[in-house]
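Q: Supplied structure: coords_13.cif, mmCIF, C-alpha atoms and all ligand atoms.
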data_query
loop_
_atom_site.label_atom_id
_atom_site.label_comp_id
_atom_site.auth_asym_id
_atom_site.auth_seq_id
_atom_site.Cartn_x
_atom_site.Cartn_y
_atom_site.Cartn_z
CA MET A 1 -10.75 9.19 -29.45
CA LYS A 2 -7.44 9.88 -27.71
CA GLU A 3 -8.71 7.85 -24.72
CA THR A 4 -9.59 4.82 -26.89
CA LEU A 5 -6.17 4.92 -28.52
CA LEU A 6 -4.40 5.26 -25.18
CA LYS A 7 -6.43 2.42 -23.69
CA MET A 8 -5.60 0.12 -26.62
CA LEU A 9 -1.89 0.84 -26.33
CA LEU A 10 -1.81 0.57 -22.54
CA THR A 11 -3.70 -2.73 -22.42
CA ALA A 12 -1.40 -4.19 -25.09
CA GLY A 13 1.56 -3.63 -22.74
CA ASP A 14 4.80 -4.55 -24.53
CA ASP A 15 2.98 -5.80 -27.66
CA PHE A 16 2.61 -3.67 -30.77
CA VAL A 17 -0.85 -2.58 -31.93
CA SER A 18 -1.13 -2.18 -35.68
CA GLY A 19 -2.15 1.12 -37.26
CA GLU A 20 -4.90 -0.74 -39.09
CA LYS A 21 -6.40 -2.14 -35.87
CA ILE A 22 -6.35 1.34 -34.32
CA SER A 23 -7.89 3.02 -37.36
CA GLN A 24 -10.70 0.42 -37.38
CA ALA A 25 -11.34 0.77 -33.65
CA ILE A 26 -11.57 4.55 -33.68
CA GLY A 27 -12.97 4.88 -37.19
CA CYS A 28 -10.35 7.14 -38.76
CA SER A 29 -7.64 7.01 -41.43
CA ARG A 30 -4.08 5.71 -40.83
CA THR A 31 -2.84 9.31 -41.25
CA ALA A 32 -5.22 10.43 -38.51
CA VAL A 33 -3.87 7.63 -36.27
CA TRP A 34 -0.38 8.93 -36.83
CA LYS A 35 -1.53 12.45 -35.86
CA HIS A 36 -3.06 11.11 -32.63
CA ILE A 37 0.20 9.30 -31.85
CA GLU A 38 2.05 12.60 -32.32
CA GLU A 39 -0.35 14.22 -29.84
CA LEU A 40 0.39 11.48 -27.32
CA ARG A 41 4.11 12.09 -27.78
CA LYS A 42 3.60 15.81 -27.18
CA SER A 43 1.82 15.05 -23.91
CA GLY A 44 4.84 13.08 -22.69
CA TYR A 45 4.30 9.49 -23.90
CA GLU A 46 7.24 7.77 -25.58
CA VAL A 47 5.74 5.75 -28.42
CA GLU A 48 7.76 3.34 -30.54
CA ALA A 49 6.62 2.95 -34.15
CA VAL A 50 7.85 -0.02 -36.21
CA GLN A 51 6.88 -0.65 -39.82
CA ARG A 52 4.47 -3.59 -40.34
CA LYS A 53 4.16 -4.02 -36.56
CA GLY A 54 2.52 -0.82 -35.39
CA TYR A 55 2.86 1.19 -32.21
CA ARG A 56 3.63 0.55 -28.57
CA ILE A 57 4.17 2.71 -25.51
CA VAL A 58 7.68 2.41 -24.11
CA LYS A 59 7.38 5.07 -21.42
CA ARG A 60 4.41 6.88 -19.97
CA PRO A 61 4.65 10.20 -18.15
CA ASP A 62 3.84 10.20 -14.47
CA GLN A 63 0.80 12.42 -14.92
CA ILE A 64 -2.46 12.31 -13.00
CA LYS A 65 -4.76 14.33 -15.22
CA PRO A 66 -8.31 12.93 -15.52
CA HIS A 67 -7.66 10.98 -18.74
CA ASP A 68 -4.48 9.40 -17.27
CA ILE A 69 -6.64 7.98 -14.46
CA GLN A 70 -9.73 7.16 -16.47
CA VAL A 71 -7.96 5.01 -19.07
CA VAL A 72 -6.90 2.60 -16.32
CA LEU A 73 -9.93 2.98 -14.04
CA GLU A 74 -12.06 -0.12 -13.35
CA THR A 75 -14.77 1.40 -11.16
CA GLU A 76 -18.41 2.27 -11.76
CA ARG A 77 -18.71 5.31 -9.51
CA PHE A 78 -15.49 6.29 -7.72
CA GLY A 79 -13.29 8.53 -9.86
CA ARG A 80 -15.73 8.71 -12.77
CA GLU A 81 -15.91 12.46 -12.08
CA ILE A 82 -12.57 14.11 -11.42
CA THR A 83 -11.74 17.71 -10.58
CA TYR A 84 -8.03 18.15 -11.34
CA LEU A 85 -5.94 21.07 -10.15
CA GLU A 86 -2.29 21.64 -10.95
CA SER A 87 -1.84 23.37 -7.59
CA THR A 88 -4.23 24.18 -4.77
CA ALA A 89 -4.07 25.01 -1.07
CA SER A 90 -5.94 21.86 -0.02
CA THR A 91 -8.05 19.37 -2.01
CA GLN A 92 -10.25 19.02 1.11
CA THR A 93 -11.46 22.62 0.82
CA VAL A 94 -12.23 22.22 -2.89
CA ALA A 95 -14.07 18.91 -2.32
CA LEU A 96 -16.11 20.34 0.54
CA LYS A 97 -17.31 23.19 -1.69
CA LEU A 98 -18.19 20.74 -4.47
CA ALA A 99 -20.07 18.52 -2.00
CA GLN A 100 -22.05 21.55 -0.78
CA GLU A 101 -22.91 22.32 -4.39
CA GLY A 102 -24.27 18.79 -4.83
CA ALA A 103 -21.36 16.77 -6.29
CA LYS A 104 -22.11 13.06 -6.48
CA GLU A 105 -20.69 10.29 -4.33
CA GLY A 106 -17.43 9.11 -5.84
CA HIS A 107 -16.43 12.53 -7.20
CA ILE A 108 -12.74 13.07 -6.52
CA VAL A 109 -10.50 16.12 -6.33
CA LEU A 110 -6.88 15.56 -7.33
CA ALA A 111 -4.00 18.00 -7.17
CA ASN A 112 -0.46 17.75 -8.46
CA GLU A 113 0.62 19.99 -5.59
CA GLN A 114 -0.88 21.29 -2.33
CA THR A 115 0.51 24.48 -0.88
CA SER A 116 -1.30 24.18 2.45
CA GLY A 117 -2.25 20.49 2.84
CA LYS A 118 -4.21 19.66 5.98
CA GLY A 119 -3.48 16.97 8.56
CA ARG A 120 -5.59 16.22 11.62
CA MET A 121 -6.08 18.61 14.55
CA GLY A 122 -4.88 21.67 12.65
CA ARG A 123 -1.59 20.08 11.58
CA GLY A 124 -0.13 20.35 8.09
CA TRP A 125 0.56 17.78 5.39
CA TYR A 126 3.48 18.18 3.01
CA SER A 127 2.52 17.54 -0.65
CA PRO A 128 5.28 18.71 -3.03
CA PRO A 129 4.54 18.99 -6.78
CA GLY A 130 4.85 15.97 -9.04
CA SER A 131 5.73 13.30 -6.50
CA SER A 132 2.70 13.10 -4.19
CA ILE A 133 -0.82 11.85 -4.39
CA SER A 134 -3.18 14.42 -2.89
CA MET A 135 -6.76 13.31 -3.36
CA SER A 136 -10.09 13.99 -1.68
CA ILE A 137 -13.07 11.69 -2.18
CA ILE A 138 -16.72 12.59 -1.63
CA PHE A 139 -18.85 9.92 0.10
CA ARG A 140 -22.57 10.21 0.78
CA PRO A 141 -23.30 7.28 3.06
CA GLN A 142 -26.63 6.91 4.82
CA LEU A 143 -25.12 6.44 8.24
CA PRO A 144 -25.44 7.80 11.76
CA PRO A 145 -22.51 10.19 12.40
CA GLN A 146 -20.82 7.95 14.97
CA LYS A 147 -20.18 5.34 12.27
CA ALA A 148 -18.26 7.70 9.96
CA PRO A 149 -14.82 6.84 11.49
CA GLN A 150 -15.29 3.32 10.11
CA LEU A 151 -14.72 4.82 6.67
CA THR A 152 -11.18 5.80 7.67
CA LEU A 153 -10.43 2.19 8.53
CA LEU A 154 -12.08 0.96 5.31
CA THR A 155 -9.97 3.32 3.21
CA ALA A 156 -6.80 2.28 5.05
CA VAL A 157 -7.46 -1.36 4.08
CA ALA A 158 -8.20 -0.35 0.47
CA ILE A 159 -4.91 1.57 0.21
CA VAL A 160 -2.85 -1.28 1.73
CA ARG A 161 -4.32 -3.56 -0.97
CA ALA A 162 -3.74 -1.05 -3.77
CA ILE A 163 -0.12 -0.46 -2.76
CA LYS A 164 0.49 -4.21 -2.70
CA GLU A 165 -1.17 -4.71 -6.10
CA THR A 166 0.70 -1.93 -7.87
CA THR A 167 4.13 -1.98 -6.17
CA GLY A 168 4.37 -5.34 -4.38
CA LEU A 169 5.15 -3.45 -1.12
CA ASP A 170 3.58 -4.47 2.21
CA SER A 171 2.35 -1.68 4.47
CA ASP A 172 0.98 -1.62 8.02
CA ILE A 173 -1.92 0.32 9.48
CA LYS A 174 -1.41 2.37 12.63
CA TRP A 175 -4.80 3.25 14.15
CA PRO A 176 -6.59 5.26 13.03
CA ASN A 177 -5.21 6.93 9.94
CA ASP A 178 -1.57 6.19 9.14
CA LEU A 179 -0.02 3.67 6.81
CA LEU A 180 3.59 2.83 7.57
CA ILE A 181 6.35 0.88 5.88
CA ASP A 182 9.10 -0.29 8.24
CA GLY A 183 7.71 2.07 10.88
CA LYS A 184 7.81 5.16 8.67
CA LYS A 185 4.76 7.09 7.46
CA ILE A 186 3.86 6.71 3.83
CA VAL A 187 0.12 7.62 3.81
CA GLY A 188 -2.09 9.93 5.87
CA ILE A 189 -5.89 9.84 5.80
CA LEU A 190 -8.08 12.73 6.93
CA THR A 191 -11.82 12.10 7.32
CA GLU A 192 -14.02 15.18 7.62
CA MET A 193 -17.76 14.86 7.99
CA GLN A 194 -20.73 17.16 7.43
CA ALA A 195 -23.67 15.92 9.46
CA ASP A 196 -26.56 16.84 11.69
CA GLN A 197 -27.41 14.99 14.90
CA ASP A 198 -28.90 11.93 13.22
CA SER A 199 -27.39 11.58 9.80
CA VAL A 200 -24.35 12.19 7.66
CA HIS A 201 -24.70 14.57 4.68
CA SER A 202 -21.27 13.93 3.24
CA VAL A 203 -17.88 12.66 4.22
CA ILE A 204 -14.81 14.14 2.58
CA GLN A 205 -11.91 11.81 2.82
CA GLY A 206 -8.46 13.15 2.11
CA ILE A 207 -5.63 10.83 1.15
CA GLY A 208 -2.02 11.96 1.06
CA ILE A 209 0.63 9.55 -0.24
CA ASN A 210 4.39 9.97 -0.50
CA VAL A 211 5.04 8.36 -3.86
CA ASN A 212 8.21 9.57 -5.57
CA HIS A 213 9.80 11.73 -2.84
CA GLN A 214 13.52 11.36 -2.31
CA GLU A 215 14.94 11.57 1.24
CA GLU A 216 16.18 15.12 0.78
CA ALA A 217 12.70 16.31 -0.28
CA PHE A 218 11.46 15.90 3.30
CA ALA A 219 12.12 18.63 5.85
CA GLU A 220 14.48 17.46 8.59
CA GLU A 221 11.81 16.91 11.26
CA ILE A 222 9.64 14.84 8.88
CA ARG A 223 12.55 12.84 7.43
CA LYS A 224 12.84 10.86 10.68
CA ILE A 225 9.22 9.70 10.56
CA ALA A 226 8.40 9.63 6.83
CA THR A 227 9.36 7.71 3.73
CA SER A 228 8.07 7.22 0.18
CA LEU A 229 7.06 4.29 -2.00
CA ALA A 230 9.93 5.05 -4.43
CA ILE A 231 12.48 5.01 -1.60
CA LYS A 232 11.16 1.66 -0.39
CA LYS A 233 10.85 0.14 -3.86
CA GLY A 234 14.13 1.58 -5.14
CA GLU A 235 12.52 2.82 -8.35
CA PRO A 236 9.98 5.46 -9.46
CA ILE A 237 6.32 4.56 -9.12
CA GLN A 238 3.59 5.59 -11.58
CA ARG A 239 0.86 7.49 -9.73
CA ALA A 240 -2.10 7.03 -12.11
CA PRO A 241 -2.33 3.21 -11.83
CA LEU A 242 -1.97 3.49 -8.05
CA ILE A 243 -4.82 6.02 -7.85
CA ALA A 244 -6.98 3.76 -10.05
CA ALA A 245 -6.20 0.75 -7.83
CA ILE A 246 -7.09 2.73 -4.68
CA LEU A 247 -10.42 3.79 -6.17
CA LYS A 248 -11.17 0.21 -7.29
CA ASN A 249 -10.48 -1.17 -3.81
CA ILE A 250 -12.43 1.62 -2.09
CA GLU A 251 -15.47 0.93 -4.27
CA LEU A 252 -15.18 -2.81 -3.61
CA PHE A 253 -14.89 -2.48 0.18
CA TYR A 254 -17.44 0.34 0.41
CA ASP A 255 -20.07 -1.73 -1.40
CA LEU A 256 -19.27 -4.69 0.87
CA TYR A 257 -19.59 -2.37 3.87
CA LEU A 258 -22.92 -0.89 2.74
CA GLN A 259 -24.36 -4.37 2.17
CA HIS A 260 -22.96 -6.29 5.13
CA GLY A 261 -21.71 -3.69 7.62
CA PHE A 262 -18.33 -3.15 9.26
CA SER A 263 -18.05 -6.80 10.37
CA ARG A 264 -16.70 -7.64 6.86
CA ILE A 265 -14.06 -4.91 6.99
CA LYS A 266 -12.90 -5.36 10.60
CA PRO A 267 -10.96 -8.64 10.13
CA LEU A 268 -9.23 -7.23 7.03
CA TRP A 269 -8.23 -4.16 9.01
CA GLU A 270 -7.02 -6.26 11.96
CA ALA A 271 -4.87 -8.37 9.63
CA HIS A 272 -2.80 -5.27 8.77
CA ALA A 273 -2.92 -3.39 12.08
CA ILE A 274 0.36 -3.07 13.96
CA SER A 275 -0.80 -1.45 17.18
CA ILE A 276 -3.12 -4.21 18.41
CA GLY A 277 -1.75 -6.29 21.29
CA LYS A 278 1.10 -3.82 21.83
CA ARG A 279 1.81 -1.35 24.64
CA ILE A 280 0.89 2.07 23.37
CA ARG A 281 0.73 5.70 24.39
CA ALA A 282 -2.43 7.46 23.16
CA ARG A 283 -2.09 11.24 23.00
CA MET A 284 -5.43 13.00 22.93
CA LEU A 285 -6.14 16.74 22.86
CA ASN A 286 -6.14 17.10 26.67
CA ASP A 287 -4.97 13.74 27.94
CA VAL A 288 -2.41 10.95 27.51
CA LYS A 289 -3.18 7.29 28.27
CA PHE A 290 -0.79 4.34 28.50
CA GLY A 291 -1.72 0.69 28.21
CA VAL A 292 -2.24 -2.22 25.88
CA ALA A 293 -4.26 -1.78 22.68
CA LYS A 294 -6.80 -4.60 22.97
CA GLY A 295 -8.54 -4.14 19.63
CA ILE A 296 -11.21 -2.05 17.95
CA THR A 297 -14.96 -2.07 18.51
CA ASP A 298 -17.50 -2.57 15.73
CA ASP A 299 -17.64 1.23 15.43
CA GLY A 300 -13.90 1.46 14.84
CA VAL A 301 -13.16 2.81 18.33
CA LEU A 302 -9.81 1.76 19.85
CA LEU A 303 -9.92 -0.11 23.18
CA LEU A 304 -7.01 0.54 25.52
CA GLU A 305 -6.51 -1.41 28.75
CA ASP A 306 -4.55 0.59 31.32
CA ASP A 307 -2.22 -0.91 33.94
CA ASP A 308 -5.10 -1.18 36.44
CA GLY A 309 -7.02 -3.35 33.98
CA LYS A 310 -9.51 -0.57 33.17
CA LEU A 311 -10.75 -0.42 29.57
CA HIS A 312 -10.88 2.98 27.83
CA SER A 313 -12.55 3.83 24.53
CA ILE A 314 -10.31 6.04 22.40
CA TYR A 315 -12.15 7.95 19.68
CA SER A 316 -9.36 10.12 18.34
CA ALA A 317 -5.68 10.21 19.29
CA ASP A 318 -2.11 9.92 18.10
CA ILE A 319 -0.65 6.55 18.92
CA GLU A 320 2.95 5.80 19.78
CA ILE A 321 3.89 2.17 19.98
CA ASP A 322 6.38 1.17 22.71
CA GLN A 323 9.08 -0.86 21.00
P1 LIG A 401 -1.82 13.71 10.74
O1 LIG A 401 -2.27 14.86 11.58
O2 LIG A 401 -2.00 12.33 11.29
O3 LIG A 401 -0.31 13.87 10.32
C1 LIG A 401 0.27 15.14 10.15
C2 LIG A 401 1.69 15.08 10.68
O4 LIG A 401 2.46 14.18 9.87
C3 LIG A 401 2.40 16.42 10.58
O5 LIG A 401 2.27 17.14 11.78
C4 LIG A 401 3.87 16.03 10.31
O6 LIG A 401 4.54 15.71 11.50
C5 LIG A 401 3.71 14.73 9.54
N1 LIG A 401 3.75 14.94 8.07
C6 LIG A 401 3.46 16.04 7.34
N2 LIG A 401 3.58 15.79 6.03
C7 LIG A 401 3.97 14.50 5.92
C8 LIG A 401 4.27 13.66 4.83
N3 LIG A 401 4.18 14.06 3.56
N4 LIG A 401 4.65 12.39 5.10
C9 LIG A 401 4.74 11.92 6.36
N5 LIG A 401 4.47 12.68 7.44
C10 LIG A 401 4.09 13.95 7.23
C11 LIG A 401 -2.59 12.90 8.39
O7 LIG A 401 -2.66 13.85 9.40
C12 LIG A 401 -3.65 13.18 7.34
C13 LIG A 401 -3.08 13.82 6.11
C14 LIG A 401 -4.08 13.94 5.00
C15 LIG A 401 -3.50 14.63 3.81
C16 LIG A 401 -4.46 14.66 2.66
S1 LIG A 401 -3.71 15.12 1.17
C17 LIG A 401 -5.22 15.26 0.39
C18 LIG A 401 -6.16 15.91 1.40
N6 LIG A 401 -6.07 17.35 1.35
C19 LIG A 401 -5.57 17.86 2.48
O8 LIG A 401 -5.40 19.09 2.69
N7 LIG A 401 -5.31 16.89 3.35
C20 LIG A 401 -5.66 15.59 2.81
#
As structure tokens, what does this structure read like?
A:
Amino acid sequence: MKETLLKMLLTAGDDFVSGEKISQAIGCSRTAVWKHIEELRKSGYEVEAVQRKGYRIVKRPDQIKPHDIQVVLETERFGREITYLESTASTQTVALKLAQEGAKEGHIVLANEQTSGKGRMGRGWYSPPGSSISMSIIFRPQLPPQKAPQLTLLTAVAIVRAIKETTGLDSDIKWPNDLLIDGKKIVGILTEMQADQDSVHSVIQGIGINVNHQEEAFAEEIRKIATSLAIKKGEPIQRAPLIAAILKNIELFYDLYLQHGFSRIKPLWEAHAISIGKRIRARMLNDVKFGVAKGITDDGVLLLEDDDGKLHSIYSADIEIDQ
């Protein structure tokens, strides 16, 4: 009932919705409508009420509880089941457990805060309360394991689109898993796979986004390399519509990918990639390679041409772009 009411008010935007229309839609009295409006107010919504006009939302709280997402969600599968946690060590760990217990594809784990967020190769990811998006998504693709990295690239494209749709900001992709604005990191993606030799059981994809962080919220060493959407936009950004837009774009691109393969995603990825054609330094666990990034293969592997003209396939690395 509360969801129907919220949906009606949110889709009306700046227009008023009359009490009569609401009471008809949810099948209750005008007094009951008023009580539901009071409940919305208690949960942080600012609702204007004007006689003979009705109600409209003037300010919504920046909350990411399941109903905040689901009232604006346009997907069929992704985000239809949400596990929400006010605070957790890492949404990846929670999602992995749920996947092992049989959670469906598209199930997401969302946290308002992570106390021990994970980056790649044992690194950490900073996710302070209230201003970050920390989300893990369960995929169950029928794929050979070597194709799983393609999902990182697919998600990067989906997030670039969602950020543009909801904030108007343009972001760039740095292979394989960073989204940058003006050279500073705004999004990190962590893809973890459970598989045997021939097939993938599940892929847990973690997405960390700096949404409403202010400069001083970042520790000194991160401040030089990181920024947030609010800093770039110059105003606070609502997280729920951004999460819904990410899930919509992921579902769209994932279905395209399952039907037609990576060839449909690759050109979209290339259109936003900043490292291709540039001189780069690729730092791997036990090696560093210099050269020109020539492009990616159909499996999402980065091709680096060294100064002797030799082509190397890079499966996992940190990339620095020579300016
Ligand atoms: P990464 O290994 O590419 O990046 C981690 C590095 O980025 C850190 O070593 C640090 O230098 C820097 N860093 C840490 N926090 C931030 C931040 N908030 N903004 C910018 N730079 C930062 C990237 O790994 C993958 C991150 C995935 C995070 C998500 S959040 C939801 C899910 N749960 C979880 O525990 N991890 C994923």
Q: Between atom CA of Gln146 of chain A and atom CA of Glu270 of chain A, what is the spacing in Å?
A: 20.0 Å
Q: What residues have any atom no more than 6 Å from ligand LIG 401 (chain A) when counting only C-alpha atoms and all ligand atoms, and can you list them as a list in words?
A: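 Going residue by residue within 6 Å of ligand LIG 401 (chain A), we get Ser90, Thr91, Gln92, Gly117, Lys118, Gly119, Arg120, Arg123, Gly124, Trp125, Tyr126, Ser127, Ser134, Met135, Ser136, Lys185, Ile186, Gly188, Ile189, Leu190, Gly206, Ile207, Gly208, Asn210, Ile222 and Ala226 of chain A.
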Q: Counting all atoms listed in the file, figure out which residue out of A:Leu5, A:Ile69, A:Leu96, A:Ala12 gets nearest to Glu38 of chain A.
A: A:Leu5
Q: When you draw a straight line from atom CA of Leu303 of chain A to atom CA of Asn286 of chain A, how long is it in Å?
A: 18.0 Å
Q: Around the point (-10.1, 1.6, 9.8) in the file's coordinates, collect all residues with an atom within 10 Å, using all atoms listed in the file, and return them as a list in words.
A: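 Final list of nearby residues, as requested, is Pro149, Gln150, Leu151, Thr152, Leu153, Leu154, Thr155, Ala156, Val157, Ala158, Ile173, Lys174, Trp175, Pro176, Asn177, Asp178, Phe262, Ile265, Lys266, Leu268, Trp269, Glu270, Ala273, Ile296, Asp299, Gly300 and Val301 of chain A.
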Q: Here is a test: counting all atoms listed in the file, which residue of A:Ser202, A:Thr191, A:Thr75, A:Asn112 is nearest to Asp62 of chain A?
A: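 Smallest distance to Asp62 of chain A is found for A:Asn112.
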Q: Could you please determine the separation between atom CA of Gly130 of chain A and atom CA of Pro61 of chain A in Å, to one decimal place?
A: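 Taking atom CA of Gly130 of chain A as the start and atom CA of Pro61 of chain A as the end point, the length is 10.8 Å.
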Q: Mind listing as a list in words all residues within 12 Å of (5.6, 1.2, -40.7), counting all atoms listed in the file?
A: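 Taken together, the residues in range are Phe16, Val17, Ser18, Gly19, Glu20, Arg30, Thr31, Trp34, Glu48, Ala49, Val50, Gln51, Arg52, Lys53, Gly54 and Tyr55 of chain A.
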Q: Keeping only C-alpha atoms, take the residues you just selected and write them out as a PDB file, in the coordinates of the input.
A:
ATOM      1  CA  PHE A  16       2.610  -3.670 -30.770  1.00  0.00           C
ATOM      2  CA  VAL A  17      -0.850  -2.580 -31.930  1.00  0.00           C
ATOM      3  CA  SER A  18      -1.130  -2.180 -35.680  1.00  0.00           C
ATOM      4  CA  GLY A  19      -2.150   1.120 -37.260  1.00  0.00           C
ATOM      5  CA  GLU A  20      -4.900  -0.740 -39.090  1.00  0.00           C
ATOM      6  CA  ARG A  30      -4.080   5.710 -40.830  1.00  0.00           C
ATOM      7  CA  THR A  31      -2.840   9.310 -41.250  1.00  0.00           C
ATOM      8  CA  TRP A  34      -0.380   8.930 -36.830  1.00  0.00           C
ATOM      9  CA  GLU A  48       7.760   3.340 -30.540  1.00  0.00           C
ATOM     10  CA  ALA A  49       6.620   2.950 -34.150  1.00  0.00           C
ATOM     11  CA  VAL A  50       7.850  -0.020 -36.210  1.00  0.00           C
ATOM     12  CA  GLN A  51       6.880  -0.650 -39.820  1.00  0.00           C
ATOM     13  CA  ARG A  52       4.470  -3.590 -40.340  1.00  0.00           C
ATOM     14  CA  LYS A  53       4.160  -4.020 -36.560  1.00  0.00           C
ATOM     15  CA  GLY A  54       2.520  -0.820 -35.390  1.00  0.00           C
ATOM     16  CA  TYR A  55       2.860   1.190 -32.210  1.00  0.00           C
TER      17      TYR A  55
END
Q: Which residues, written as a ChimeraX atom specification, have at least one atom at most 10 Å from Glu86 of chain A, with all atoms listed in the file counted and residues fewer than 2 positions away on the same chain left out?
A: /A:64-65,84,88,110-114,129-130
Q: Take the residues that were just selected and, keeping C-alpha atoms, output them as a PDB file, in the frame of the given file.
A:
ATOM      1  CA  ILE A  64      -2.460  12.310 -13.000  1.00  0.00           C
ATOM      2  CA  LYS A  65      -4.760  14.330 -15.220  1.00  0.00           C
ATOM      3  CA  TYR A  84      -8.030  18.150 -11.340  1.00  0.00           C
ATOM      4  CA  THR A  88      -4.230  24.180  -4.770  1.00  0.00           C
ATOM      5  CA  LEU A 110      -6.880  15.560  -7.330  1.00  0.00           C
ATOM      6  CA  ALA A 111      -4.000  18.000  -7.170  1.00  0.00           C
ATOM      7  CA  ASN A 112      -0.460  17.750  -8.460  1.00  0.00           C
ATOM      8  CA  GLU A 113       0.620  19.990  -5.590  1.00  0.00           C
ATOM      9  CA  GLN A 114      -0.880  21.290  -2.330  1.00  0.00           C
ATOM     10  CA  PRO A 129       4.540  18.990  -6.780  1.00  0.00           C
ATOM     11  CA  GLY A 130       4.850  15.970  -9.040  1.00  0.00           C
TER      12      GLY A 130
END
Q: Nearest residue to Arg56 of chain A out of A:Glu81, A:Asp15, A:Asp68, A:Glu105, using all atoms listed in the file?
A: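 Result for the nearest residue to Arg56 of chain A: A:Asp15.
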Q: Hey, which of A:His213, A:Lys42, A:Gly13, A:Leu247 ends up closest to Arg80 of chain A? Count all atoms listed in the file.
A: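 For Arg80 of chain A, the nearest of the candidates is A:Leu247.
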Q: For each of A:Ile204, A:Val47, A:Ala219, A:Ala32, take the minimum atom-to-atom distance to Ala103 of chain A, counting only C-alpha atoms, then give the residue where this is smallest.
A: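 Closest to Ala103 of chain A of all the choices is A:Ile204.
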Q: Of the candidates A:Ser43, A:Asn249, A:Thr297, A:Ser316, which one gets nearest to Thr166 of chain A if we count all atoms listed in the file?
A: A:Asn249
Q: What lies within 12 Å of Val288 of chain A using all atoms listed in the file, ignoring chain neighbours under 3 positions off, as a list in words?
A: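 The residues that qualify are Ile280, Arg281, Ala282, Arg283, Met284, Leu285, Gly291, Leu304, Asp306, His312, Ile314, Ser316, Ala317, Asp318, Ile319 and Glu320 of chain A.
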Q: Tell me, as a PDB file with C-alpha atoms, in the coordinates of the input, which residues lie within 9 Å of segment 235-243 of chain A, counting all atoms listed in the file; anything in the same chain fewer than 3 positions away does not count.
A:
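The resulting file, out-v5.pdb, is shown below:
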ATOM      1  CA  ARG A  60       4.410   6.880 -19.970  1.00  0.00           C
ATOM      2  CA  PRO A  61       4.650  10.200 -18.150  1.00  0.00           C
ATOM      3  CA  ASP A  62       3.840  10.200 -14.470  1.00  0.00           C
ATOM      4  CA  GLN A  63       0.800  12.420 -14.920  1.00  0.00           C
ATOM      5  CA  ILE A  64      -2.460  12.310 -13.000  1.00  0.00           C
ATOM      6  CA  LYS A  65      -4.760  14.330 -15.220  1.00  0.00           C
ATOM      7  CA  ASP A  68      -4.480   9.400 -17.270  1.00  0.00           C
ATOM      8  CA  ILE A  69      -6.640   7.980 -14.460  1.00  0.00           C
ATOM      9  CA  GLN A  70      -9.730   7.160 -16.470  1.00  0.00           C
ATOM     10  CA  VAL A  72      -6.900   2.600 -16.320  1.00  0.00           C
ATOM     11  CA  LEU A  73      -9.930   2.980 -14.040  1.00  0.00           C
ATOM     12  CA  SER A 131       5.730  13.300  -6.500  1.00  0.00           C
ATOM     13  CA  SER A 132       2.700  13.100  -4.190  1.00  0.00           C
ATOM     14  CA  ILE A 133      -0.820  11.850  -4.390  1.00  0.00           C
ATOM     15  CA  MET A 135      -6.760  13.310  -3.360  1.00  0.00           C
ATOM     16  CA  ILE A 159      -4.910   1.570   0.210  1.00  0.00           C
ATOM     17  CA  ALA A 162      -3.740  -1.050  -3.770  1.00  0.00           C
ATOM     18  CA  ILE A 163      -0.120  -0.460  -2.760  1.00  0.00           C
ATOM     19  CA  GLU A 165      -1.170  -4.710  -6.100  1.00  0.00           C
ATOM     20  CA  THR A 166       0.700  -1.930  -7.870  1.00  0.00           C
ATOM     21  CA  THR A 167       4.130  -1.980  -6.170  1.00  0.00           C
ATOM     22  CA  VAL A 211       5.040   8.360  -3.860  1.00  0.00           C
ATOM     23  CA  ASN A 212       8.210   9.570  -5.570  1.00  0.00           C
ATOM     24  CA  LEU A 229       7.060   4.290  -2.000  1.00  0.00           C
ATOM     25  CA  ALA A 230       9.930   5.050  -4.430  1.00  0.00           C
ATOM     26  CA  ILE A 231      12.480   5.010  -1.600  1.00  0.00           C
ATOM     27  CA  LYS A 232      11.160   1.660  -0.390  1.00  0.00           C
ATOM     28  CA  ILE A 246      -7.090   2.730  -4.680  1.00  0.00           C
ATOM     29  CA  LEU A 247     -10.420   3.790  -6.170  1.00  0.00           C
ATOM     30  CA  LYS A 248     -11.170   0.210  -7.290  1.00  0.00           C
TER      31      LYS A 248
END
